[in-house]
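Undergrad: One structure, pasted below without further comment.
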Amino acid sequence: MFLNYIKDFFLIKLLKNRLHNVKGSSLATSIQTVGLLVDESYFFEKEDLIKELVANGIQESNIKIIVYRDKLKKNEVYSQPTFSIRHLNWKAEITNPAVKDFIKEEFDLLISYYDVEKAILLTITHNSKAQFKVGFSSIDKRLNHLMINTNAENYKVFVHELIRYLKILNKI
């Protein structure tokens with residue numbers, strides 16, 4: 001347990017040093033594919049979040065979700081690809097193949113749905129090949145292109161603001 005705190009501290013420090021080399025990107029086309037990175041340690045209504053996105057014009061078949069949990073139970077079967085801090089080594093490299101595939105996929109939009117900084121979530125957001133990244137304003141400002149100032153429990157407010165700004169930017 002104590003080693004996880006040390007590991008998390010050093011990995012966040014390493015990641016923040018890497019963030020000095022972040023390049024901006026612009027999305028020239030409309031949004032078709034969406035990647036959804038959810039921290040299920042604090043937010044449990046991921047199905048409701050997906051329904052809210054679908055209700056606002058994003059096709060459910062174009063949404064790919066991956067879920068983070070603080071602790072994985074060995075005998076439990078999860079409906080979505082799920083990972084934990086165990087899948088991050090000391091060199092800030094992901095060891096889970098599902099997470100690696102998620103990072104390599106070129107989404108039009110990546111929604112980083114977590115409002116507490118954790119090393120593995122920051123690493124996935126940073127390394128993602130998504131063209132446009134959206135997250136919460138409580139997370140490092142260099143990770144996302146658009147930050148929404150709300151908390152994770154207010155998923156309806158988050159989706160409403162997201163859709164509103166995407167319409168302003170002519171992405172939908």
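FYI, nothing fancy with the structure tokens labels: chains A, B, ... in order, residues from 1 per chain, ligands from 1 as they appear.
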Using only C-alpha atoms, determine which residues lie at most 6 Å from stretch 126-134 of chain A, disregarding the query and same-chain residues fewer than 5 positions distant; provide the list as a list in words.

TA: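 In the requested format, the answer is Leu27, Ile103, Lys104, Glu106, Phe107, Asp108, Leu109, Leu110, Ile111, Leu143, Asn144, His145, Leu146 and Met147 of chain A.
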
Undergrad: Enumerate the residues of chain A with a DSSP assignment of helix (DSSP H, G or I), computed from the backbone, and present them as number ranges by chain.

TA: A: 2-21, 46-55, 60-62, 85-87, 97-104, 119-127, 155-168

Undergrad: Using only C-alpha atoms, which residues sit within 12 Å of A:Lys167 once same-chain residues fewer than 4 positions away are excluded, as number ranges by chain?

TA: A: 30-31, 56-57, 160-163, 171-172

Undergrad: Quick one: write out the picked residues with N, CA and C atoms as a CSV table (one decimal), in the first residue's frame?

TA:
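Written output follows (selection.csv):
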```
chain,number,residue,atom,x,y,z
A,30,SER,N,-15.9,16.8,-37.9
A,30,SER,CA,-16.8,16.7,-36.9
A,30,SER,C,-16.5,15.4,-36.1
A,31,ILE,N,-17.1,15.3,-34.9
A,31,ILE,CA,-16.8,14.2,-34.0
A,31,ILE,C,-17.7,13.0,-34.4
A,56,ASN,N,-27.7,13.1,-26.7
A,56,ASN,CA,-27.3,14.4,-27.3
A,56,ASN,C,-26.6,14.2,-28.6
A,57,GLY,N,-26.9,13.1,-29.3
A,57,GLY,CA,-26.5,12.9,-30.7
A,57,GLY,C,-25.2,12.1,-31.0
A,160,HIS,N,-24.0,18.4,-20.9
A,160,HIS,CA,-24.7,19.6,-21.4
A,160,HIS,C,-23.7,20.7,-21.8
A,161,GLU,N,-22.7,20.9,-21.0
A,161,GLU,CA,-21.6,21.9,-21.3
A,161,GLU,C,-20.8,21.4,-22.4
A,162,LEU,N,-20.4,20.2,-22.4
A,162,LEU,CA,-19.6,19.6,-23.5
A,162,LEU,C,-20.3,19.8,-24.8
A,163,ILE,N,-21.6,19.4,-24.9
A,163,ILE,CA,-22.3,19.5,-26.2
A,163,ILE,C,-22.4,21.0,-26.6
A,171,LYS,N,-18.1,21.3,-34.0
A,171,LYS,CA,-17.6,19.9,-33.9
A,171,LYS,C,-18.7,18.9,-34.0
A,172,ILE,N,-19.9,19.3,-33.8
A,172,ILE,CA,-21.1,18.4,-33.9
A,172,ILE,C,-22.0,19.0,-35.0
```

Undergrad: I need the residue nearest A:Ser112 from this list: A:Asn62, A:Asn154, A:Ser137, A:Asn96. Use only C-alpha atoms for the distance.

TA: A:Ser137

Undergrad: Run DSSP on the backbone of this structure and report the residues of stretch 61-112 of chain A it assigns to strand (DSSP E), as a list in words.

TA: Ile63, Lys64, Ile65, Ile66, Val67, Tyr68, Thr82, Phe83, Leu109, Leu110, Ile111 and Ser112 of chain A

Undergrad: Would you write out those residues with N, CA, C and O atoms, as a PDB file, in the first residue's frame?

TA:
```pdb
ATOM      1  N   ILE A  63     -18.950   4.856 -29.241  1.00  0.00           N
ATOM      2  CA  ILE A  63     -18.377   5.163 -27.933  1.00  0.00           C
ATOM      3  C   ILE A  63     -17.629   3.932 -27.438  1.00  0.00           C
ATOM      4  O   ILE A  63     -18.196   2.848 -27.340  1.00  0.00           O
ATOM      5  N   LYS A  64     -16.353   4.119 -27.126  1.00  0.00           N
ATOM      6  CA  LYS A  64     -15.558   3.047 -26.548  1.00  0.00           C
ATOM      7  C   LYS A  64     -15.167   3.479 -25.139  1.00  0.00           C
ATOM      8  O   LYS A  64     -14.633   4.564 -24.950  1.00  0.00           O
ATOM      9  N   ILE A  65     -15.440   2.627 -24.163  1.00  0.00           N
ATOM     10  CA  ILE A  65     -15.230   2.979 -22.759  1.00  0.00           C
ATOM     11  C   ILE A  65     -14.174   2.077 -22.142  1.00  0.00           C
ATOM     12  O   ILE A  65     -14.058   0.910 -22.502  1.00  0.00           O
ATOM     13  N   ILE A  66     -13.398   2.658 -21.247  1.00  0.00           N
ATOM     14  CA  ILE A  66     -12.457   1.900 -20.440  1.00  0.00           C
ATOM     15  C   ILE A  66     -12.553   2.442 -19.020  1.00  0.00           C
ATOM     16  O   ILE A  66     -12.707   3.645 -18.818  1.00  0.00           O
ATOM     17  N   VAL A  67     -12.515   1.543 -18.037  1.00  0.00           N
ATOM     18  CA  VAL A  67     -12.831   1.893 -16.657  1.00  0.00           C
ATOM     19  C   VAL A  67     -11.633   1.626 -15.749  1.00  0.00           C
ATOM     20  O   VAL A  67     -10.993   0.583 -15.849  1.00  0.00           O
ATOM     21  N   TYR A  68     -11.368   2.593 -14.864  1.00  0.00           N
ATOM     22  CA  TYR A  68     -10.324   2.445 -13.850  1.00  0.00           C
ATOM     23  C   TYR A  68     -10.977   2.152 -12.509  1.00  0.00           C
ATOM     24  O   TYR A  68     -11.991   2.740 -12.151  1.00  0.00           O
ATOM     25  N   THR A  82     -11.490  -3.144 -17.762  1.00  0.00           N
ATOM     26  CA  THR A  82     -11.209  -2.515 -16.473  1.00  0.00           C
ATOM     27  C   THR A  82      -9.746  -2.736 -16.126  1.00  0.00           C
ATOM     28  O   THR A  82      -9.181  -3.778 -16.413  1.00  0.00           O
ATOM     29  N   PHE A  83      -9.137  -1.725 -15.501  1.00  0.00           N
ATOM     30  CA  PHE A  83      -7.730  -1.797 -15.130  1.00  0.00           C
ATOM     31  C   PHE A  83      -7.532  -1.108 -13.791  1.00  0.00           C
ATOM     32  O   PHE A  83      -8.431  -0.461 -13.265  1.00  0.00           O
ATOM     33  N   LEU A 109     -12.704  12.351 -30.192  1.00  0.00           N
ATOM     34  CA  LEU A 109     -12.899  12.996 -28.899  1.00  0.00           C
ATOM     35  C   LEU A 109     -12.567  12.011 -27.792  1.00  0.00           C
ATOM     36  O   LEU A 109     -13.037  10.877 -27.807  1.00  0.00           O
ATOM     37  N   LEU A 110     -11.745  12.438 -26.837  1.00  0.00           N
ATOM     38  CA  LEU A 110     -11.470  11.652 -25.638  1.00  0.00           C
ATOM     39  C   LEU A 110     -12.063  12.406 -24.463  1.00  0.00           C
ATOM     40  O   LEU A 110     -11.722  13.565 -24.230  1.00  0.00           O
ATOM     41  N   ILE A 111     -12.948  11.744 -23.731  1.00  0.00           N
ATOM     42  CA  ILE A 111     -13.523  12.320 -22.523  1.00  0.00           C
ATOM     43  C   ILE A 111     -12.823  11.670 -21.337  1.00  0.00           C
ATOM     44  O   ILE A 111     -12.983  10.472 -21.091  1.00  0.00           O
ATOM     45  N   SER A 112     -12.038  12.448 -20.624  1.00  0.00           N
ATOM     46  CA  SER A 112     -11.346  11.973 -19.420  1.00  0.00           C
ATOM     47  C   SER A 112     -12.245  12.271 -18.234  1.00  0.00           C
ATOM     48  O   SER A 112     -12.196  13.359 -17.667  1.00  0.00           O
TER      49      SER A 112
END
```

Undergrad: Between A:Lys74, A:Ala55, A:Ser41, A:Lys13, which has the minimum distance to A:Lys156 (counting only C-alpha atoms)?

TA: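 Between A:Lys74, A:Ala55, A:Ser41, A:Lys13, the residue approaching A:Lys156 most closely is A:Ala55.
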
Undergrad: Could you please determine the separation between atom CA of A:Thr150 and atom CA of A:Leu11 in Å, to one decimal place?

TA: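 If I compute the distance from atom CA of A:Thr150 to atom CA of A:Leu11, I get 26.0 Å.
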
Undergrad: Calculate how many Å separate atom CA of A:Asp8 from atom CA of A:Ala119, rounding to one decimal.

TA: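 Between atom CA of A:Asp8 and atom CA of A:Ala119 the gap works out to 5.6 Å.
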
Undergrad: Can you tell me, as a list of chain:residue names, what residues are no more than 8 Å from A:Leu122 when counting only C-alpha atoms, ignoring any on the same chain fewer than 5 positions away?

TA: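 The neighbour list is A:Ile12, A:Leu15, A:Glu117, A:Leu143.
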
Undergrad: As an exercise, work out the distance from atom CA of A:Lys100 to atom CA of A:Lys118 in Å and give it to one decimal place.

TA: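 It comes out at 17.3 Å.
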